[in-house]
file structure-v2.csv (CSV, C-alpha atoms)
chain,number,residue,atom,x,y,z
F,1,MET,CA,155.6,128.0,85.4
F,2,LEU,CA,152.0,127.1,84.3
F,3,THR,CA,150.1,129.7,82.4
F,4,ALA,CA,146.6,130.6,83.5
F,5,ALA,CA,145.2,128.9,80.4
F,6,THR,CA,147.1,125.6,81.1
F,7,ALA,CA,146.1,125.6,84.8
F,8,SER,CA,142.4,126.1,83.7
F,9,VAL,CA,142.6,123.1,81.4
F,10,ILE,CA,144.2,120.9,84.1
F,11,LEU,CA,141.5,121.9,86.6
F,12,MET,CA,138.8,121.1,84.0
F,13,LEU,CA,140.2,117.7,83.3
F,14,LEU,CA,140.4,116.9,87.1
F,15,VAL,CA,136.8,117.9,87.5
F,16,LEU,CA,135.7,115.8,84.5
F,17,GLY,CA,137.7,112.8,85.7
F,18,ALA,CA,136.0,113.0,89.1
F,19,ALA,CA,132.6,113.1,87.5
F,20,LEU,CA,133.3,110.2,85.2
F,21,ARG,CA,135.0,108.0,87.8
F,22,PRO,CA,131.7,106.3,89.1
F,23,LEU,CA,130.9,105.4,85.5
F,24,VAL,CA,134.3,104.0,84.6
F,25,LEU,CA,135.1,102.5,88.1
F,26,PRO,CA,131.8,101.7,89.9
F,27,GLU,CA,131.8,102.1,93.7
F,28,SER,CA,132.5,98.8,95.4
F,29,GLY,CA,129.8,99.4,98.0
F,30,SER,CA,126.0,99.2,97.2
F,31,THR,CA,123.1,101.1,98.7
F,32,PRO,CA,121.2,98.9,101.2
F,33,PRO,CA,117.6,98.2,100.2
F,34,ILE,CA,114.8,100.3,101.5
F,35,LEU,CA,113.0,97.2,102.9
F,36,THR,CA,114.1,93.6,103.2
F,37,THR,CA,112.1,90.9,101.4
F,38,THR,CA,110.6,89.9,104.7
F,39,GLU,CA,109.6,93.5,105.5
F,40,ILE,CA,108.1,93.9,102.1
F,41,GLY,CA,106.0,90.8,102.5
F,42,PHE,CA,104.7,91.9,105.9
F,43,VAL,CA,103.9,95.4,104.7
F,44,GLN,CA,102.0,94.1,101.6
F,45,ASP,CA,100.0,91.6,103.7
F,46,MET,CA,99.3,94.1,106.5
F,47,THR,CA,98.0,96.6,104.0
F,48,VAL,CA,95.5,94.1,102.7
F,49,HIS,CA,94.6,93.1,106.3
F,50,HIS,CA,94.0,96.8,107.2
F,51,GLN,CA,91.9,97.3,104.1
F,52,GLN,CA,89.4,94.7,105.2
F,53,ALA,CA,89.1,96.5,108.6
F,54,LEU,CA,88.0,99.6,106.6
F,55,ILE,CA,85.4,97.6,104.8
F,56,MET,CA,84.0,96.4,108.1
F,57,VAL,CA,83.7,100.0,109.3
F,58,GLN,CA,82.0,100.9,106.0
F,59,ARG,CA,79.4,98.1,106.4
F,60,LEU,CA,78.6,98.9,110.0
F,61,ASP,CA,75.0,100.2,110.6
F,62,SER,CA,75.3,104.0,111.0
F,63,ALA,CA,72.6,103.9,113.7
F,64,VAL,CA,74.6,101.8,116.2
F,65,ASP,CA,75.4,103.0,119.7
F,66,PRO,CA,77.7,106.1,119.7
F,67,THR,CA,80.4,104.2,121.7
F,68,ILE,CA,80.6,101.6,118.9
F,69,ARG,CA,80.6,104.3,116.3
F,70,ARG,CA,83.4,106.2,117.9
F,71,LEU,CA,85.5,103.0,118.2
F,72,ALA,CA,84.8,102.2,114.5
F,73,GLU,CA,85.9,105.8,113.5
F,74,GLN,CA,89.1,105.5,115.6
F,75,ILE,CA,90.0,102.2,113.9
F,76,ASP,CA,89.2,103.7,110.5
F,77,HIS,CA,91.4,106.7,111.1
F,78,THR,CA,94.4,104.8,112.5
F,79,GLN,CA,94.4,102.1,109.8
F,80,HIS,CA,94.0,104.7,107.0
F,81,VAL,CA,97.1,106.4,108.3
F,82,GLU,CA,99.0,103.2,108.6
F,83,ILE,CA,97.9,102.1,105.1
F,84,GLY,CA,99.2,105.4,103.7
F,85,THR,CA,102.5,104.9,105.5
F,86,MET,CA,103.0,101.3,104.3
F,87,LEU,CA,102.1,102.1,100.7
F,88,GLY,CA,104.6,104.9,100.8
F,89,TRP,CA,107.3,102.5,101.9
F,90,LEU,CA,106.4,100.1,99.1
F,91,ARG,CA,106.6,102.8,96.5
F,92,LEU,CA,110.1,103.8,97.8
F,93,ALA,CA,111.1,100.1,97.7
F,94,ASP,CA,109.7,99.8,94.1
F,95,ALA,CA,107.5,96.9,95.3
F,96,ALA,CA,103.9,96.0,94.3
F,97,PRO,CA,101.2,97.0,96.8
F,98,VAL,CA,99.9,93.4,96.9
F,99,SER,CA,102.0,90.2,97.2
F,100,THR,CA,101.7,87.3,94.8
F,101,HIS,CA,102.6,85.0,97.7
F,102,PRO,CA,100.6,86.1,100.7
F,103,MET,CA,102.1,85.2,104.0
F,104,ALA,CA,105.2,83.7,102.4
F,105,TRP,CA,107.3,85.8,104.8
F,106,MET,CA,105.8,84.0,107.8
F,107,HIS,CA,106.4,80.2,108.0
F,108,THR,CA,104.8,78.7,111.1
F,109,THR,CA,101.7,76.8,112.3
F,110,GLU,CA,102.3,77.2,116.0
F,111,PRO,CA,99.1,77.7,118.0
F,112,VAL,CA,98.6,81.1,119.5
F,113,ALA,CA,96.2,82.7,122.0
F,114,HIS,CA,92.4,82.9,121.5
F,115,GLY,CA,92.4,79.7,119.5
F,116,HIS,CA,94.0,81.3,116.4
F,117,ARG,CA,96.9,79.8,114.5
F,118,LYS,CA,99.7,81.6,112.9
F,119,ALA,CA,99.2,81.6,109.2
F,120,VAL,CA,101.3,79.7,106.7
F,121,SER,CA,102.1,80.8,103.2
F,122,ALA,CA,99.2,80.5,100.7
F,123,ASN,CA,99.3,79.1,97.2
F,124,PRO,CA,100.2,82.0,95.0
F,125,GLY,CA,97.6,83.0,92.5
F,126,THR,CA,94.6,81.6,94.3
F,127,ALA,CA,91.5,83.8,94.6
F,128,ASP,CA,91.3,83.2,98.4
F,129,ALA,CA,95.0,83.8,99.1
F,130,ALA,CA,94.1,86.6,101.6
F,131,ALA,CA,92.1,84.1,103.6
F,132,SER,CA,95.4,82.6,104.7
F,133,MET,CA,95.9,85.8,106.9
F,134,PRO,CA,94.8,85.3,110.5
F,135,GLY,CA,91.6,87.0,111.6
F,136,MET,CA,90.2,87.7,108.1
F,137,ALA,CA,86.4,87.6,107.7
F,138,SER,CA,84.8,85.7,104.9
F,139,THR,CA,82.6,87.3,102.2
F,140,ALA,CA,79.5,85.8,103.9
F,141,GLU,CA,80.5,87.4,107.2
F,142,LEU,CA,81.0,90.8,105.6
F,143,ASP,CA,77.7,90.5,103.9
F,144,ALA,CA,76.0,89.6,107.2
F,145,LEU,CA,77.5,92.6,108.8
F,146,ALA,CA,76.2,94.9,106.0
F,147,ALA,CA,72.7,93.5,106.5
F,148,ALA,CA,72.7,93.6,110.3
F,149,ARG,CA,71.0,96.4,112.2
F,150,GLY,CA,70.9,97.6,115.8
F,151,LEU,CA,72.2,95.3,118.6
F,152,GLU,CA,72.8,92.5,116.1
F,153,ALA,CA,75.1,94.8,114.1
F,154,GLU,CA,77.0,95.9,117.2
F,155,ILE,CA,77.7,92.4,118.3
F,156,LEU,CA,78.7,91.1,114.9
F,157,PHE,CA,81.0,94.1,114.3
F,158,LEU,CA,82.7,93.7,117.6
F,159,GLN,CA,83.1,89.9,117.1
F,160,LEU,CA,84.5,90.3,113.6
F,161,MET,CA,86.8,93.2,114.4
F,162,MET,CA,88.1,91.6,117.6
F,163,ARG,CA,89.0,88.5,115.7
F,164,HIS,CA,90.5,90.7,113.0
F,165,HIS,CA,92.6,92.6,115.5
F,166,GLU,CA,93.8,89.4,117.1
F,167,GLY,CA,95.0,88.2,113.7
F,168,GLY,CA,96.7,91.5,113.0
F,169,ILE,CA,98.5,91.3,116.3
F,170,VAL,CA,99.8,87.8,115.4
F,171,MET,CA,101.2,89.1,112.2
F,172,ALA,CA,102.8,92.2,113.9
F,173,GLN,CA,104.3,90.0,116.7
F,174,ALA,CA,105.8,87.7,114.0
F,175,ILE,CA,107.6,90.6,112.1
F,176,ASP,CA,108.7,92.0,115.5
F,177,GLU,CA,110.5,88.7,116.1
F,178,LEU,CA,111.9,88.5,112.5
F,179,VAL,CA,113.5,92.0,112.2
F,180,GLU,CA,116.0,93.6,114.6
F,181,SER,CA,115.2,97.3,114.1
F,182,GLY,CA,113.9,99.9,111.7
F,183,PRO,CA,110.6,101.6,110.9
F,184,VAL,CA,108.7,98.3,110.1
F,185,LYS,CA,109.5,97.0,113.6
F,186,GLN,CA,108.4,100.3,115.1
F,187,ILE,CA,105.0,100.3,113.3
F,188,ALA,CA,104.5,96.6,114.2
F,189,ARG,CA,105.0,97.4,117.9
F,190,SER,CA,102.7,100.4,117.6
F,191,MET,CA,100.0,98.1,116.0
F,192,ILE,CA,100.5,95.5,118.8
F,193,HIS,CA,100.0,98.2,121.5
F,194,ALA,CA,97.0,100.0,119.9
F,195,GLN,CA,95.1,96.9,118.7
F,196,SER,CA,95.6,95.1,122.1
F,197,GLN,CA,94.0,98.0,123.8
F,198,GLU,CA,91.1,98.0,121.3
F,199,VAL,CA,90.7,94.2,121.7
F,200,GLY,CA,90.3,94.7,125.5
F,201,LEU,CA,87.7,97.4,124.9
F,202,MET,CA,85.8,95.3,122.4
F,203,GLY,CA,85.7,92.4,124.9
F,204,ILE,CA,84.1,94.7,127.5
F,205,LEU,CA,81.6,96.0,125.0
F,206,LEU,CA,80.6,92.4,124.0
F,207,MET,CA,80.2,91.4,127.6
F,208,GLN,CA,77.9,94.4,128.2
F,209,ARG,CA,75.8,93.1,125.3
F,210,GLY,CA,75.6,89.5,126.7
F,211,ALA,CA,77.8,88.2,123.8
F,212,GLU,CA,81.1,86.4,123.6
F,213,PRO,CA,84.1,86.7,121.1
F,214,MET,CA,84.1,84.4,118.1
F,215,GLN,CA,86.2,81.2,118.5
call {"tool": "encode", "arguments": {"input": "structure-v2.csv", "output": "structure tokens"}}
result
Amino acid sequence: MLTAATASVILMLLVLGAALRPLVLPESGSTPPILTTTEIGFVQDMTVHHQQALIMVQRLDSAVDPTIRRLAEQIDHTQHVEIGTMLGWLRLADAAPVSTHPMAWMHTTEPVAHGHRKAVSANPGTADAAASMPGMASTAELDALAAARGLEAEILFLQLMMRHHEGGIVMAQAIDELVESGPVKQIARSMIHAQSQEVGLMGILLMQRGAEPMQ
């Protein structure tokens, strides 16, 4: 019959063996990644894309029509929240906030609606790599928006943001087709829905001002 002391030693050895087993005999299975490489690329690029939308809002004349101002504030709020969510995912995935190969996750040049083309991967390391993203404004366009006042500012903001949203929708539709499920697919579909509605509103606001979308 085992003594109490012997039984205690055996129990301690069993517990110790269970604790050391993963170190001596690693588990055969591996933890799936937080995000796939494709999802990481999309999240990195969409974060950059969203950040330019925030710059547009910042450069909009504060004295514009209240309807335009409310739209700008809505876009600012929504995209701030989405940027925070996407940066959180990148931290969990131990990925950089910005890709060294913008748009490498999306390989196509097929034409899409409104005269835009789906982007192709940019040359890594180039200063204008972000320009490969659809809908992005140039530095000159952003400067023109900052200098514009009144009706001119309203029209230019609507034109730039409408084109920007259309580009973002192209990116979101691409990732929606590339991934089967998960939070990245969900946020992409949310972007498609919200930004499509805003594009429709911006088209109406431009028409009311006797202007047309940028080609």
call {"tool": "atom_distance", "arguments": {"input": "structure-v2.csv", "atom1": "atom CA of His80 of chain F", "atom2": "atom CA of Arg209 of chain F"}}
result
28.3 Å
call {"tool": "closest_atom_pairs", "arguments": {"input": "structure-v2.csv", "of": "segment 137-195 of chain F", "to": "segment 57-66 of chain F", "cutoff": "6 Å", "atoms": "all atoms listed in the file", "output": "Markdown table"}}
result
| residue | atom | partner | partner_atom | distance |
| --- | --- | --- | --- | --- |
| F:Ala146 | CA | F:Arg59 | CA | 4.5 |
| F:Arg149 | CA | F:Asp61 | CA | 5.7 |
| F:Gly150 | CA | F:Val64 | CA | 5.6 |
call {"tool": "residues_near_point", "arguments": {"input": "structure-v2.csv", "point": "(85.7, 93.3, 114.3)", "cutoff": "12 Å", "atoms": "only C-alpha atoms", "output": "number ranges by chain"}}
result
F: 49-50, 52-60, 68, 71-72, 75-76, 135-137, 141-142, 145, 153-168, 195, 198-199, 201-203, 205-206, 213-214
call {"tool": "write_last_selection", "arguments": {"input": "structure-v2.csv", "atoms": "C-alpha atoms", "output": "PDB file, in the coordinates of the input"}}
result
ATOM      1  CA  HIS F  49      94.600  93.100 106.300  1.00  0.00           C
ATOM      2  CA  HIS F  50      94.000  96.800 107.200  1.00  0.00           C
ATOM      3  CA  GLN F  52      89.400  94.700 105.200  1.00  0.00           C
ATOM      4  CA  ALA F  53      89.100  96.500 108.600  1.00  0.00           C
ATOM      5  CA  LEU F  54      88.000  99.600 106.600  1.00  0.00           C
ATOM      6  CA  ILE F  55      85.400  97.600 104.800  1.00  0.00           C
ATOM      7  CA  MET F  56      84.000  96.400 108.100  1.00  0.00           C
ATOM      8  CA  VAL F  57      83.700 100.000 109.300  1.00  0.00           C
ATOM      9  CA  GLN F  58      82.000 100.900 106.000  1.00  0.00           C
ATOM     10  CA  ARG F  59      79.400  98.100 106.400  1.00  0.00           C
ATOM     11  CA  LEU F  60      78.600  98.900 110.000  1.00  0.00           C
ATOM     12  CA  ILE F  68      80.600 101.600 118.900  1.00  0.00           C
ATOM     13  CA  LEU F  71      85.500 103.000 118.200  1.00  0.00           C
ATOM     14  CA  ALA F  72      84.800 102.200 114.500  1.00  0.00           C
ATOM     15  CA  ILE F  75      90.000 102.200 113.900  1.00  0.00           C
ATOM     16  CA  ASP F  76      89.200 103.700 110.500  1.00  0.00           C
ATOM     17  CA  GLY F 135      91.600  87.000 111.600  1.00  0.00           C
ATOM     18  CA  MET F 136      90.200  87.700 108.100  1.00  0.00           C
ATOM     19  CA  ALA F 137      86.400  87.600 107.700  1.00  0.00           C
ATOM     20  CA  GLU F 141      80.500  87.400 107.200  1.00  0.00           C
ATOM     21  CA  LEU F 142      81.000  90.800 105.600  1.00  0.00           C
ATOM     22  CA  LEU F 145      77.500  92.600 108.800  1.00  0.00           C
ATOM     23  CA  ALA F 153      75.100  94.800 114.100  1.00  0.00           C
ATOM     24  CA  GLU F 154      77.000  95.900 117.200  1.00  0.00           C
ATOM     25  CA  ILE F 155      77.700  92.400 118.300  1.00  0.00           C
ATOM     26  CA  LEU F 156      78.700  91.100 114.900  1.00  0.00           C
ATOM     27  CA  PHE F 157      81.000  94.100 114.300  1.00  0.00           C
ATOM     28  CA  LEU F 158      82.700  93.700 117.600  1.00  0.00           C
ATOM     29  CA  GLN F 159      83.100  89.900 117.100  1.00  0.00           C
ATOM     30  CA  LEU F 160      84.500  90.300 113.600  1.00  0.00           C
ATOM     31  CA  MET F 161      86.800  93.200 114.400  1.00  0.00           C
ATOM     32  CA  MET F 162      88.100  91.600 117.600  1.00  0.00           C
ATOM     33  CA  ARG F 163      89.000  88.500 115.700  1.00  0.00           C
ATOM     34  CA  HIS F 164      90.500  90.700 113.000  1.00  0.00           C
ATOM     35  CA  HIS F 165      92.600  92.600 115.500  1.00  0.00           C
ATOM     36  CA  GLU F 166      93.800  89.400 117.100  1.00  0.00           C
ATOM     37  CA  GLY F 167      95.000  88.200 113.700  1.00  0.00           C
ATOM     38  CA  GLY F 168      96.700  91.500 113.000  1.00  0.00           C
ATOM     39  CA  GLN F 195      95.100  96.900 118.700  1.00  0.00           C
ATOM     40  CA  GLU F 198      91.100  98.000 121.300  1.00  0.00           C
ATOM     41  CA  VAL F 199      90.700  94.200 121.700  1.00  0.00           C
ATOM     42  CA  LEU F 201      87.700  97.400 124.900  1.00  0.00           C
ATOM     43  CA  MET F 202      85.800  95.300 122.400  1.00  0.00           C
ATOM     44  CA  GLY F 203      85.700  92.400 124.900  1.00  0.00           C
ATOM     45  CA  LEU F 205      81.600  96.000 125.000  1.00  0.00           C
ATOM     46  CA  LEU F 206      80.600  92.400 124.000  1.00  0.00           C
ATOM     47  CA  PRO F 213      84.100  86.700 121.100  1.00  0.00           C
ATOM     48  CA  MET F 214      84.100  84.400 118.100  1.00  0.00           C
TER      49      MET F 214
END
call {"tool": "closest_residue", "arguments": {"input": "structure-v2.csv", "among": "F:Gly88, F:Gly210, F:Pro97, F:Pro33", "to": "Met46 of chain F", "atoms": "all atoms listed in the file"}}
result
F:Pro97
call {"tool": "atom_distance", "arguments": {"input": "structure-v2.csv", "atom1": "atom CA of Ala148 of chain F", "atom2": "atom CA of Met171 of chain F"}}
result
28.9 Å
call {"tool": "residues_around", "arguments": {"input": "structure-v2.csv", "residues": "Ala172 of chain F", "least_positions_apart": "6", "cutoff": "7 Å", "atoms": "all atoms listed in the file", "output": "number ranges by chain"}}
result
F: 188-189, 191-192
call {"tool": "atom_distance", "arguments": {"input": "structure-v2.csv", "atom1": "atom CA of Gln173 of chain F", "atom2": "atom CA of His193 of chain F"}}
result
10.4 Å
call {"tool": "closest_residue", "arguments": {"input": "structure-v2.csv", "among": "F:Met207, F:Ala147, F:Leu87, F:Met133", "to": "Val43 of chain F", "atoms": "all atoms listed in the file"}}
result
F:Leu87
